[in-house]
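This report concerns only the one structure given below.
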Amino acid sequence: MASAAVESFVTKQLDLLELERDAEVEERRSWQENISLKELQSRGVCLLKLQVSSQRTGLYGRLLVTFEPRRYGSAAALPSNSFTSGV
């Protein structure tokens, strides 16, 4: 009996996660179609014109890459963003 309740809960959560993911994908698609790249960068959704400034090996042999903007000077700082390694 308890197993059926757990299975029902898990199924419901998976359905909700799929709905949330679909909504996020649609939102991103809408942004890409209707908002300029400069505005997306200011919102922290994308980073434009990057180059690799360094790379090294981290823990467990993972490659760590550091990026920097292509242009130098006062505007060389990256805008605020929420990028992660995805792990």
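Identifiers in the structure tokens: chain A, B, ... in order shown; residue index from 1 per chain; ligand index from 1 in order shown.
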
Practice task
From the DSSP assignment of the backbone, select every residue of chain A that is strand (DSSP E), and format the answer as a list in words.
Solution key: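 The residues of chain A classed as strand (DSSP E) are Leu50, Gln51, Val52, Ser53, Ser54, Gln55, Arg56, Thr57, Leu63, Leu64, Val65, Thr66, Phe67, Glu68 and Pro69 of chain A.
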
Create the file for the chosen residues now, containing C-alpha atoms and written as a CSV table (one decimal), in the first residue's frame.
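Output contents, as saved in again_29.csv:
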chain,number,residue,atom,x,y,z
A,50,LEU,CA,34.4,35.4,-24.8
A,51,GLN,CA,37.9,34.0,-25.2
A,52,VAL,CA,39.7,31.4,-23.1
A,53,SER,CA,42.1,33.2,-20.7
A,54,SER,CA,43.4,30.1,-19.0
A,55,GLN,CA,42.8,26.4,-18.5
A,56,ARG,CA,44.1,23.9,-16.0
A,57,THR,CA,43.3,20.5,-14.5
A,63,LEU,CA,39.3,20.6,-17.0
A,64,LEU,CA,38.8,24.1,-15.5
A,65,VAL,CA,38.5,26.9,-18.1
A,66,THR,CA,38.5,30.6,-17.3
A,67,PHE,CA,36.9,32.9,-19.8
A,68,GLU,CA,37.3,36.7,-20.3
A,69,PRO,CA,35.8,39.2,-22.7

Practice task
If you run DSSP over the backbone, which residues in segment 11-86 of chain A end up alpha helix (DSSP H)? Put them as a ChimeraX atom specification.
Solution key: /A:11-34,37-42

Completion exercise
Here atom CA of Leu16 of chain A and atom CA of Ser80 of chain A stand apart by 29.5 Å

Problem - Distance of atom CA of Val45 of chain A from atom CA of Arg28 of chain A, expressed in Å to one decimal place - result: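 Atom-to-atom, atom CA of Arg28 of chain A to atom CA of Val45 of chain A, that is 8.9 Å.
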
Practice task
Could you tell me which of A:Arg29, A:Lys12, A:Arg21, A:Arg70 comes closest to Lys49 of chain A if we count only C-alpha atoms?
Solution key: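 Smallest distance to Lys49 of chain A is found for A:Arg70.
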
Exercise for the section: Would you mind reading off the distance between atom CA of Arg43 of chain A and atom CA of Ala77 of chain A, one decimal, in Å? Expected result: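 About the pair atom CA of Arg43 of chain A and atom CA of Ala77 of chain A: they are 14.7 Å apart.
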